[in-house]
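For reference, run_18.pdb is printed below; it contains PDB, C-alpha atoms.
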ATOM      1  CA  MET O   1     -20.231 -20.688 -16.303
ATOM      2  CA  ILE O   2     -16.890 -21.571 -14.777
ATOM      3  CA  GLU O   3     -17.062 -23.535 -11.541
ATOM      4  CA  LYS O   4     -16.183 -21.069  -8.799
ATOM      5  CA  VAL O   5     -14.118 -21.806  -5.711
ATOM      6  CA  GLN O   6     -16.227 -22.498  -2.637
ATOM      7  CA  THR O   7     -15.006 -19.463  -0.688
ATOM      8  CA  PRO O   8     -14.148 -16.456  -2.901
ATOM      9  CA  PHE O   9     -10.638 -15.171  -2.292
ATOM     10  CA  TYR O  10      -7.820 -13.221  -3.827
ATOM     11  CA  TYR O  11      -4.152 -13.995  -4.320
ATOM     12  CA  TYR O  12      -1.635 -11.164  -4.186
ATOM     13  CA  THR O  13       1.984 -11.059  -5.295
ATOM     14  CA  TYR O  14       4.337  -8.475  -3.835
ATOM     15  CA  ALA O  15       7.985  -7.409  -3.983
ATOM     16  CA  CYS O  16      10.228  -4.867  -2.282
ATOM     17  CA  HIS O  17      13.804  -3.658  -1.953
ATOM     18  CA  GLU O  18      15.716  -5.146   0.968
ATOM     19  CA  ASP O  19      15.811  -1.730   2.681
ATOM     20  CA  GLU O  20      11.990  -1.719   2.721
ATOM     21  CA  MET O  21      11.333  -5.333   3.724
ATOM     22  CA  GLU O  22      10.154  -4.398   7.215
ATOM     23  CA  LEU O  23       7.929  -1.617   5.875
ATOM     24  CA  CYS O  24       6.432  -3.962   3.266
ATOM     25  CA  ALA O  25       5.674  -6.586   5.921
ATOM     26  CA  LEU O  26       4.118  -4.006   8.254
ATOM     27  CA  GLU O  27       1.911  -2.599   5.492
ATOM     28  CA  LEU O  28       0.719  -6.054   4.440
ATOM     29  CA  ARG O  29       0.053  -7.060   8.063
ATOM     30  CA  SER O  30      -2.004  -3.886   8.433
ATOM     31  CA  LEU O  31      -3.961  -4.434   5.217
ATOM     32  CA  PHE O  32      -4.575  -8.172   5.511
ATOM     33  CA  GLY O  33      -4.030  -9.092   9.160
ATOM     34  CA  VAL O  34      -1.556 -11.863   8.310
ATOM     35  CA  GLU O  35       2.218 -12.200   8.213
ATOM     36  CA  PRO O  36       3.395 -12.160   4.562
ATOM     37  CA  PHE O  37       5.841 -14.803   3.419
ATOM     38  CA  GLY O  38       7.501 -15.771   0.181
ATOM     39  CA  GLY O  39       6.249 -13.024  -2.132
ATOM     40  CA  GLY O  40       2.560 -13.924  -2.129
ATOM     41  CA  LEU O  41      -0.481 -14.196   0.100
ATOM     42  CA  ALA O  42      -4.091 -15.354  -0.103
ATOM     43  CA  SER O  43      -6.882 -13.327   1.473
ATOM     44  CA  GLU O  44     -10.633 -12.833   1.352
ATOM     45  CA  ILE O  45     -10.022  -9.054   1.630
ATOM     46  CA  PRO O  46     -10.291  -7.157  -1.683
ATOM     47  CA  ILE O  47      -7.542  -4.539  -1.964
ATOM     48  CA  ASP O  48      -6.802  -2.500  -5.082
ATOM     49  CA  PRO O  49      -3.179  -3.415  -5.934
ATOM     50  CA  SER O  50      -2.467   0.237  -6.770
ATOM     51  CA  ARG O  51      -2.999   1.182  -3.126
ATOM     52  CA  SER O  52       0.279  -0.445  -2.138
ATOM     53  CA  PRO O  53       3.781   0.378  -3.381
ATOM     54  CA  PHE O  54       4.640  -3.299  -2.845
ATOM     55  CA  ILE O  55       1.712  -5.333  -4.233
ATOM     56  CA  ARG O  56       2.440  -6.306  -7.829
ATOM     57  CA  GLN O  57      -0.732  -8.126  -8.949
ATOM     58  CA  ARG O  58      -4.007  -9.492  -7.659
ATOM     59  CA  ILE O  59      -5.859 -12.537  -8.915
ATOM     60  CA  SER O  60      -9.564 -12.733  -8.152
ATOM     61  CA  VAL O  61      -9.504 -16.513  -7.949
ATOM     62  CA  LEU O  62     -12.164 -18.217 -10.063
ATOM     63  CA  CYS O  63     -10.892 -21.782  -9.848
ATOM     64  CA  GLU O  64      -8.053 -23.881  -8.505
ATOM     65  CA  GLY O  65      -6.649 -27.290  -9.330
ATOM     66  CA  ALA O  66      -3.800 -29.726  -8.902
ATOM     67  CA  SER O  67      -2.563 -29.246 -12.470
ATOM     68  CA  VAL O  68      -2.630 -26.832 -15.384
ATOM     69  CA  ARG O  69      -4.839 -29.326 -17.221
ATOM     70  CA  GLU O  70      -7.463 -29.070 -14.483
ATOM     71  CA  ILE O  71      -7.344 -25.272 -14.705
ATOM     72  CA  ALA O  72      -7.685 -25.396 -18.496
ATOM     73  CA  GLU O  73     -10.691 -27.709 -18.262
ATOM     74  CA  GLN O  74     -12.431 -25.394 -15.804
ATOM     75  CA  ALA O  75     -11.527 -22.295 -17.853
ATOM     76  CA  SER O  76     -13.329 -23.784 -20.845
ATOM     77  CA  SER O  77     -16.658 -22.855 -19.268
ATOM     78  CA  LEU O  78     -15.669 -19.208 -18.820
ATOM     79  CA  GLN O  79     -18.188 -16.783 -20.371
ATOM     80  CA  LEU O  80     -16.530 -13.668 -21.827
ATOM     81  CA  GLU O  81     -19.606 -12.198 -23.549
ATOM     82  CA  GLY O  82     -17.565 -11.138 -26.576
ATOM     83  CA  ALA O  83     -14.643  -9.573 -24.684
ATOM     84  CA  THR O  84     -11.081 -10.159 -25.842
ATOM     85  CA  PHE O  85      -8.696 -11.757 -23.349
ATOM     86  CA  LYS O  86      -5.149 -12.592 -22.400
ATOM     87  CA  VAL O  87      -3.706 -15.229 -20.025
ATOM     88  CA  GLU O  88      -0.584 -14.303 -18.034
ATOM     89  CA  TYR O  89       1.672 -16.677 -16.119
ATOM     90  CA  MET O  90       2.582 -15.210 -12.713
ATOM     91  CA  LYS O  91       5.606 -16.182 -10.654
ATOM     92  CA  GLY O  92       4.659 -18.197  -7.590
ATOM     93  CA  ASP O  93       5.986 -21.211  -5.705
ATOM     94  CA  THR O  94       7.467 -22.788  -8.821
ATOM     95  CA  VAL O  95       9.894 -21.222 -11.287
ATOM     96  CA  ALA O  96       9.150 -21.943 -14.933
ATOM     97  CA  ASP O  97      11.396 -20.914 -17.804
ATOM     98  CA  TYR O  98      10.107 -18.818 -20.701
ATOM     99  CA  PRO O  99       9.004 -21.714 -22.960
ATOM    100  CA  GLU O 100       7.185 -23.370 -20.036
ATOM    101  CA  ARG O 101       5.385 -20.147 -19.135
ATOM    102  CA  ARG O 102       4.223 -19.590 -22.706
ATOM    103  CA  ALA O 103       3.104 -23.235 -22.963
ATOM    104  CA  ILE O 104       0.975 -22.893 -19.809
ATOM    105  CA  GLU O 105      -0.591 -19.685 -21.116
ATOM    106  CA  ARG O 106      -1.363 -21.306 -24.472
ATOM    107  CA  GLU O 107      -2.822 -24.466 -22.900
ATOM    108  CA  ILE O 108      -5.300 -22.455 -20.828
ATOM    109  CA  GLY O 109      -5.959 -19.788 -23.452
ATOM    110  CA  ALA O 110      -6.768 -22.426 -26.085
ATOM    111  CA  ARG O 111      -9.634 -23.698 -23.935
ATOM    112  CA  ILE O 112     -11.228 -20.300 -23.369
ATOM    113  CA  ARG O 113     -14.005 -19.536 -25.815
ATOM    114  CA  GLY O 114     -13.181 -16.062 -27.082
ATOM    115  CA  THR O 115     -10.673 -13.964 -29.004
ATOM    116  CA  ALA O 116      -7.189 -13.677 -27.577
ATOM    117  CA  ASP O 117      -5.499 -10.264 -27.759
ATOM    118  CA  MET O 118      -1.965 -10.117 -26.405
ATOM    119  CA  ARG O 119      -1.578  -6.340 -26.740
ATOM    120  CA  ARG O 120      -4.806  -4.691 -25.627
ATOM    121  CA  PRO O 121      -7.069  -7.323 -24.106
ATOM    122  CA  GLU O 122     -10.315  -6.277 -22.509
ATOM    123  CA  ARG O 123      -9.862  -8.871 -19.768
ATOM    124  CA  VAL O 124      -6.631 -10.248 -18.322
ATOM    125  CA  PHE O 125      -6.479 -13.581 -16.508
ATOM    126  CA  GLY O 126      -3.636 -14.776 -14.336
ATOM    127  CA  VAL O 127      -2.448 -18.304 -13.554
ATOM    128  CA  ILE O 128      -0.065 -19.045 -10.707
ATOM    129  CA  HIS O 129       1.208 -21.998  -8.704
ATOM    130  CA  ALA O 130       0.900 -20.978  -5.061
ATOM    131  CA  GLU O 131       0.519 -22.794  -1.758
ATOM    132  CA  GLY O 132       0.715 -26.146  -3.555
ATOM    133  CA  ARG O 133      -2.162 -25.446  -5.979
ATOM    134  CA  TRP O 134      -2.698 -23.869  -9.370
ATOM    135  CA  LEU O 135      -4.885 -20.760  -9.146
ATOM    136  CA  PHE O 136      -6.653 -19.014 -12.010
ATOM    137  CA  GLY O 137      -8.716 -15.844 -12.174
ATOM    138  CA  GLU O 138      -9.091 -12.262 -13.298
ATOM    139  CA  CYS O 139      -5.808 -10.418 -12.892
ATOM    140  CA  ARG O 140      -5.357  -6.791 -11.909
ATOM    141  CA  GLY O 141      -1.965  -5.074 -11.896
ATOM    142  CA  ASN O 142      -0.521  -2.142  -9.975
ATOM    143  CA  GLU O 143      -0.673   1.198 -11.791
ATOM    144  CA  ALA O 144       2.072   2.735  -9.572
ATOM    145  CA  ILE O 145       0.040   5.907  -9.057
ATOM    146  CA  TRP O 146       2.485   7.249  -6.472
ATOM    147  CA  LEU O 147       5.244   7.603  -9.072
ATOM    148  CA  ALA O 148       3.404  10.526 -10.650
ATOM    149  CA  HIS O 149       3.382  12.230  -7.255
ATOM    150  CA  ASN O 150       7.184  12.457  -7.377
ATOM    151  CA  ARG O 151       6.687  15.276  -9.880
ATOM    152  CA  LYS O 152       5.094  17.668  -7.414
ATOM    153  CA  PRO O 153       6.159  21.326  -7.851
ATOM    154  CA  ARG O 154       7.247  21.788  -4.216
ATOM    155  CA  GLN O 155       9.873  19.434  -2.805
ATOM    156  CA  TYR O 156      11.597  19.148   0.566
ATOM    157  CA  SER O 157      14.801  17.231   1.132
ATOM    158  CA  THR O 158      13.754  15.519   4.383
ATOM    159  CA  ALA O 159      10.196  14.657   3.338
ATOM    160  CA  LEU O 160       9.159  11.010   3.163
ATOM    161  CA  SER O 161       9.426   9.399  -0.251
ATOM    162  CA  THR O 162       6.096   8.849  -1.979
ATOM    163  CA  ARG O 163       6.541   5.061  -1.567
ATOM    164  CA  VAL O 164       7.054   5.312   2.185
ATOM    165  CA  ALA O 165       4.288   7.908   2.540
ATOM    166  CA  ARG O 166       1.824   5.672   0.691
ATOM    167  CA  ALA O 167       2.699   2.663   2.837
ATOM    168  CA  VAL O 168       2.382   4.752   6.015
ATOM    169  CA  ALA O 169      -1.077   5.955   4.941
ATOM    170  CA  ASN O 170      -2.140   2.323   4.457
ATOM    171  CA  ILE O 171      -0.686   1.359   7.832
ATOM    172  CA  ALA O 172      -2.635   4.141   9.525
ATOM    173  CA  VAL O 173      -5.872   3.552   7.577
ATOM    174  CA  PRO O 174      -6.106  -0.015   6.203
ATOM    175  CA  ASN O 175      -9.846   0.366   5.556
ATOM    176  CA  PRO O 176     -10.805   3.967   4.627
ATOM    177  CA  GLN O 177     -14.566   3.489   4.926
ATOM    178  CA  GLY O 178     -15.907   5.808   7.629
ATOM    179  CA  VAL O 179     -12.417   6.704   8.888
ATOM    180  CA  ARG O 180     -11.243  10.277   9.543
ATOM    181  CA  ALA O 181      -7.495  10.831   9.618
ATOM    182  CA  ILE O 182      -5.190  13.728  10.401
ATOM    183  CA  ASP O 183      -1.579  14.591   9.613
ATOM    184  CA  PRO O 184      -0.895  17.340  12.171
ATOM    185  CA  CYS O 185       2.683  18.067  10.984
ATOM    186  CA  CYS O 186       2.172  17.516   7.268
ATOM    187  CA  GLY O 187       5.009  19.582   5.806
ATOM    188  CA  ILE O 188       4.621  19.824   2.019
ATOM    189  CA  GLY O 189       1.776  17.291   2.106
ATOM    190  CA  THR O 190       3.458  14.088   0.923
ATOM    191  CA  VAL O 191       1.361  11.804   3.147
ATOM    192  CA  VAL O 192      -1.808  13.840   2.574
ATOM    193  CA  ILE O 193      -1.437  13.505  -1.210
ATOM    194  CA  GLU O 194      -0.979   9.727  -1.031
ATOM    195  CA  ALA O 195      -3.893   9.332   1.383
ATOM    196  CA  LEU O 196      -6.272  11.455  -0.688
ATOM    197  CA  SER O 197      -5.340   9.567  -3.860
ATOM    198  CA  MET O 198      -6.534   6.367  -2.141
ATOM    199  CA  GLY O 199      -9.838   7.850  -1.005
ATOM    200  CA  ILE O 200      -8.814   8.381   2.620
ATOM    201  CA  ASP O 201     -10.609  11.229   4.392
ATOM    202  CA  ILE O 202      -7.624  13.180   5.742
ATOM    203  CA  VAL O 203      -6.756  16.738   6.743
ATOM    204  CA  GLY O 204      -3.284  18.174   7.226
ATOM    205  CA  PHE O 205      -1.881  20.957   9.383
ATOM    206  CA  ASP O 206       1.530  22.530   9.767
ATOM    207  CA  ILE O 207       2.942  25.307  11.930
ATOM    208  CA  ASN O 208       5.108  26.610   9.054
ATOM    209  CA  PRO O 209       3.243  28.985   6.675
ATOM    210  CA  LEU O 210       5.727  28.235   3.868
ATOM    211  CA  ALA O 211       5.128  24.496   4.224
ATOM    212  CA  VAL O 212       1.356  25.018   4.128
ATOM    213  CA  ARG O 213       1.679  27.147   1.018
ATOM    214  CA  GLY O 214       3.848  24.486  -0.635
ATOM    215  CA  ALA O 215       1.444  21.698   0.362
ATOM    216  CA  ARG O 216      -1.510  23.547  -1.117
ATOM    217  CA  GLU O 217       0.410  24.151  -4.333
ATOM    218  CA  ASN O 218       1.223  20.440  -4.524
ATOM    219  CA  LEU O 219      -2.402  19.476  -3.879
ATOM    220  CA  ALA O 220      -3.648  21.888  -6.545
ATOM    221  CA  HIS O 221      -1.105  20.475  -9.006
ATOM    222  CA  PHE O 222      -2.739  17.048  -8.664
ATOM    223  CA  GLU O 223      -6.255  18.546  -8.692
ATOM    224  CA  MET O 224      -6.862  17.578  -5.069
ATOM    225  CA  PRO O 225      -8.832  19.617  -2.533
ATOM    226  CA  PRO O 226      -6.929  22.129  -0.337
ATOM    227  CA  ALA O 227      -6.957  19.791   2.653
ATOM    228  CA  VAL O 228      -4.031  21.498   4.447
ATOM    229  CA  LYS O 229      -4.304  24.389   6.889
ATOM    230  CA  LEU O 230      -2.018  26.421   9.117
ATOM    231  CA  GLY O 231      -2.034  25.119  12.680
ATOM    232  CA  ASP O 232       0.086  24.088  15.650
ATOM    233  CA  ILE O 233      -0.446  20.465  16.708
ATOM    234  CA  ARG O 234      -0.666  21.618  20.323
ATOM    235  CA  ASP O 235      -3.639  23.865  19.525
ATOM    236  CA  LEU O 236      -5.606  21.531  17.261
ATOM    237  CA  ALA O 237      -9.000  20.218  18.343
ATOM    238  CA  GLY O 238     -11.264  17.430  17.158
ATOM    239  CA  GLU O 239     -11.513  13.653  17.269
ATOM    240  CA  TYR O 240     -10.000  11.460  14.580
ATOM    241  CA  ASP O 241      -9.747   7.735  14.033
ATOM    242  CA  ALA O 242      -6.092   7.846  13.028
ATOM    243  CA  ALA O 243      -3.182  10.285  13.056
ATOM    244  CA  ILE O 244       0.159  10.179  11.273
ATOM    245  CA  LEU O 245       2.867  12.069  13.152
ATOM    246  CA  ASP O 246       6.177  12.514  11.344
ATOM    247  CA  LEU O 247       8.311  14.109  14.058
ATOM    248  CA  PRO O 248      10.561  16.955  12.867
ATOM    249  CA  TYR O 249      14.230  16.045  12.886
ATOM    250  CA  ASN O 250      16.404  18.204  10.628
ATOM    251  CA  LEU O 251      18.805  20.872  11.855
ATOM    252  CA  CYS O 252      16.259  23.655  11.417
ATOM    253  CA  SER O 253      13.578  21.953  13.503
ATOM    254  CA  ARG O 254      15.411  19.907  16.115
ATOM    255  CA  LEU O 255      13.103  19.058  19.002
ATOM    256  CA  THR O 256      13.847  19.227  22.682
ATOM    257  CA  SER O 257      12.626  16.325  24.800
ATOM    258  CA  GLU O 258       9.870  18.521  26.216
ATOM    259  CA  GLU O 259       8.697  19.593  22.754
ATOM    260  CA  ARG O 260       8.578  16.005  21.544
ATOM    261  CA  LEU O 261       6.571  14.890  24.567
ATOM    262  CA  SER O 262       4.163  17.775  23.983
ATOM    263  CA  MET O 263       3.646  16.765  20.345
ATOM    264  CA  LEU O 264       3.105  13.118  21.271
ATOM    265  CA  HIS O 265       0.617  14.119  23.964
ATOM    266  CA  SER O 266      -1.278  16.265  21.430
ATOM    267  CA  ALA O 267      -1.375  13.406  18.920
ATOM    268  CA  ARG O 268      -2.764  11.047  21.563
ATOM    269  CA  ARG O 269      -5.447  13.591  22.376
ATOM    270  CA  LEU O 270      -6.440  13.917  18.711
ATOM    271  CA  ALA O 271      -6.707  10.265  17.635
ATOM    272  CA  ARG O 272      -7.342   6.751  18.935
ATOM    273  CA  LYS O 273      -4.578   5.327  16.721
ATOM    274  CA  VAL O 274      -1.327   7.130  15.982
ATOM    275  CA  VAL O 275       1.436   6.124  13.570
ATOM    276  CA  VAL O 276       4.600   7.838  14.786
ATOM    277  CA  ILE O 277       7.620   8.321  12.528
ATOM    278  CA  ALA O 278      10.922   9.138  14.217
ATOM    279  CA  THR O 279      14.618   8.988  13.446
ATOM    280  CA  GLU O 280      15.427   7.289  16.760
ATOM    281  CA  ARG O 281      13.835   4.821  19.147
ATOM    282  CA  ILE O 282      11.477   6.725  21.445
ATOM    283  CA  ASP O 283       9.705   3.896  23.264
ATOM    284  CA  GLY O 284      10.276   5.571  26.618
ATOM    285  CA  ASP O 285       8.504   8.752  25.517
ATOM    286  CA  LEU O 286       5.628   6.795  23.974
ATOM    287  CA  GLU O 287       5.104   4.778  27.148
ATOM    288  CA  HIS O 288       5.392   7.932  29.256
ATOM    289  CA  ILE O 289       2.530   9.506  27.286
ATOM    290  CA  GLY O 290       0.414   6.384  27.807
ATOM    291  CA  PHE O 291       0.709   4.791  24.368
ATOM    292  CA  SER O 292       0.729   1.037  23.814
ATOM    293  CA  ILE O 293       2.918  -0.083  20.906
ATOM    294  CA  VAL O 294       0.979  -2.412  18.589
ATOM    295  CA  ASP O 295       3.479  -2.979  15.776
ATOM    296  CA  ARG O 296       6.549  -1.375  14.271
ATOM    297  CA  CYS O 297       9.256  -1.438  11.633
ATOM    298  CA  VAL O 298      12.477   0.287  10.600
ATOM    299  CA  VAL O 299      12.925   1.804   7.135
ATOM    300  CA  LYS O 300      16.506   2.240   5.969
ATOM    301  CA  LYS O 301      17.975   4.378   3.226
ATOM    302  CA  GLY O 302      21.720   3.998   3.207
ATOM    303  CA  ASN O 303      22.964   4.967   6.676
ATOM    304  CA  PHE O 304      19.737   6.816   7.485
ATOM    305  CA  SER O 305      16.818   5.037   9.121
ATOM    306  CA  ARG O 306      13.327   5.832  10.351
ATOM    307  CA  GLU O 307      11.288   4.126  13.071
ATOM    308  CA  ILE O 308       7.608   3.671  12.187
ATOM    309  CA  VAL O 309       5.559   2.746  15.237
ATOM    310  CA  ILE O 310       1.819   1.992  15.489
ATOM    311  CA  CYS O 311       0.450   3.222  18.816
ATOM    312  CA  VAL O 312      -2.937   3.112  20.490
TER     313      VAL O 312
END
Same coordinates, now as C-alpha cells:
Amino acid sequence: MIEKVQTPFYYYTYACHEDEMELCALELRSLFGVEPFGGGLASEIPIDPSRSPFIRQRISVLCEGASVREIAEQASSLQLEGATFKVEYMKGDTVADYPERRAIEREIGARIRGTADMRRPERVFGVIHAEGRWLFGECRGNEAIWLAHNRKPRQYSTALSTRVARAVANIAVPNPQGVRAIDPCCGIGTVVIEALSMGIDIVGFDINPLAVRGARENLAHFEMPPAVKLGDIRDLAGEYDAAILDLPYNLCSRLTSEERLSMLHSARRLARKVVVIATERIDGDLEHIGFSIVDRCVVKKGNFSREIVICV
C-alpha cells in the first residue's frame, strides 16, 4: 500500500469571477473556517466539490513530497485492484507549461501498477504543487449541478442566480447534518432548489400564491419534493437552525422601513442564524432588531449589487 500522510487532509482548488470574489471568500470561510488565498486551500474537512459553484477540484491527499520523483516513488505502491486510472496535473503554486505538465503526469503514471486510460478512467489521481510541497491523491471534480437548474420552467427577473443561491445555501448551512433551514420569502424557489440538491433539510414559504405555484412547478420539474407553501413570514411558527431571508426590492414589492423591520424581527424569531440578502446596507435595522453581524460580503453584477450578511 501507498504510504499515507500522517494526518489525512484534502486540497481544494477554486476560481471565481472578480464580481463574485467576496461571495467566494465568504462561502469558503463558511465551509472550511479559514480565509482562502491564492486559488487553493488545505483542510481536514471533506466537502463534495459539486456543492460549491467556486470549488474546481478536490484531492484526497495520499502522499506528499519535495519533488515529483518522491511522489512517483510513493505512488508505485498504490493498489488499484484492477481499476484503470489517469493522472492529472493541477495548477497550484507553480506554473508549468504543457510539455512539463504531461511529463509530470507520465513520470508518476509510469510508476503506478495498473492500466492507464486517458478517456474513461475508473480512478482519477491529481498531482499539484501547493504550499511548497507536491501533493498526490484521488481527484474529484465539480459536476456543476447548479447549471442544470438554470433550465427551470418558471423564471423571475429579480431572482438570485443559481450560482449565488447555491453559495448562499452553503453560507447558511455549511454542514447539513441535523440542520433544519427555512426560506420564508422563497419566491420561485431558487434557493430551495439549490439547498435540496445538496441534501439540506429546508422548507420555503411565500406570501404570493403565484410565486408558490411557480416554485412548486420548478421543484416538480427537478423531481424534488413540494417543499414550498403559502405563508406570510410574520405568521410563520417553528424553530429552525438557519434562515435565508432575501428581502423584496423590486418596484412591485418595495418595502417600507416598518415592513422591513417586521420581516427581520420575524426571521430572528424563526431561526438562530439568519443570512440576510438586501440591495442596500441595513446594519442599523439589523442592530435595532438585536442581530449581531458575524460576516458579510457584497455581490456585484454590473452596477447592481447585493449585501449578504450573516447574523446571529
Next item on the list: State, in Å with one decimal place, the distance from CA of Thr84 (chain O) to CA of Asp117 (chain O).
Entry: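 Going from CA of Thr84 (chain O) over to CA of Asp117 (chain O) covers 5.9 Å.
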Notebook entry, point to check: Selected by the PyMOL selection byres ((chain O and resi 63) around 12) in the shown coordinates: which residues, as a PyMOL selection string?
Noted result: chain O and resi 1-11+59-62+64-68+70-78+125-128+133-138
Item checked: Selection dump of the PyMOL selection byres ((chain O and resi 269) around 12), as a VMD selection string -> chain O and resid 182 184 233 to 243 262 to 268 270 to 274 289 to 291 312
Notebook entry, point to check: What gap, in Å, lies between CA of Gln155 (chain O) and CA of Val168 (chain O)?
Noted result: 18.7 Å
Note to self: From the options O:Thr94, O:Gln57, O:Thr279, O:Asn218, which residue's atoms come nearest to Ala130 (chain O), counting all atoms listed in the file?
What the structure shows: O:Thr94
Checklist line | Result set of the PyMOL selection byres ((chain O and resi 176) around 12) on the coordinates above, as an MDAnalysis selection string | finding: chainID O and resid 31 47 51 169:175 177:181 195:202 241:242
Next item on the list: Tell me, as a list in words, which residues lie within 8 Å of Ser292 (chain O), counting all atoms listed in the file; anything in the same chain fewer than 3 positions away does not count.
Entry: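 Final neighbour list, sorted by chain and number: Leu286, Glu287, Cys311 and Val312 of chain O.
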Checklist line | Nearby residues, (13.1, 3.0, 7.2) file frame, 10 Å, all atoms listed in the file, as a list in words | finding: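 So the residues meeting the distance criterion are Asp19, Glu20, Met21, Glu22, Leu23, Leu160, Val164, Ile277, Ala278, Thr279, Cys297, Val298, Val299, Lys300, Lys301, Gly302, Phe304, Ser305, Arg306, Glu307 and Ile308 of chain O.
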Okay, now the selection with C-alpha atoms, as a CSV table (one decimal), in the coordinates of the input?
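Saved to part-v8.csv:
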chain,number,residue,atom,x,y,z
O,19,ASP,CA,15.8,-1.7,2.7
O,20,GLU,CA,12.0,-1.7,2.7
O,21,MET,CA,11.3,-5.3,3.7
O,22,GLU,CA,10.2,-4.4,7.2
O,23,LEU,CA,7.9,-1.6,5.9
O,160,LEU,CA,9.2,11.0,3.2
O,164,VAL,CA,7.1,5.3,2.2
O,277,ILE,CA,7.6,8.3,12.5
O,278,ALA,CA,10.9,9.1,14.2
O,279,THR,CA,14.6,9.0,13.4
O,297,CYS,CA,9.3,-1.4,11.6
O,298,VAL,CA,12.5,0.3,10.6
O,299,VAL,CA,12.9,1.8,7.1
O,300,LYS,CA,16.5,2.2,6.0
O,301,LYS,CA,18.0,4.4,3.2
O,302,GLY,CA,21.7,4.0,3.2
O,304,PHE,CA,19.7,6.8,7.5
O,305,SER,CA,16.8,5.0,9.1
O,306,ARG,CA,13.3,5.8,10.4
O,307,GLU,CA,11.3,4.1,13.1
O,308,ILE,CA,7.6,3.7,12.2
Check: When you draw a straight line from CA of Val309 (chain O) to CA of Val192 (chain O), how long is it in Å?
Finding: 18.4 Å
Note to self: Taking 6 positions as the minimum chain separation for residues in the same chain, which residues sit within 10 Å of Asp48 (chain O) when counting all atoms listed in the file? Answer as a VMD selection string.
What the structure shows: chain O and resid 55 57 to 58 140 to 143 198
Could you work out an axis-aligned bounding box for all listed atoms of region 195-209 of chain O, with 4 Å added on each of the six sides, and give its centre and edge lengths in Å to one decimal, as AutoDock Vina command-line options?
--center_x -2.8 --center_y 17.7 --center_z 4.0 --size_x 23.7 --size_y 30.6 --size_z 23.8
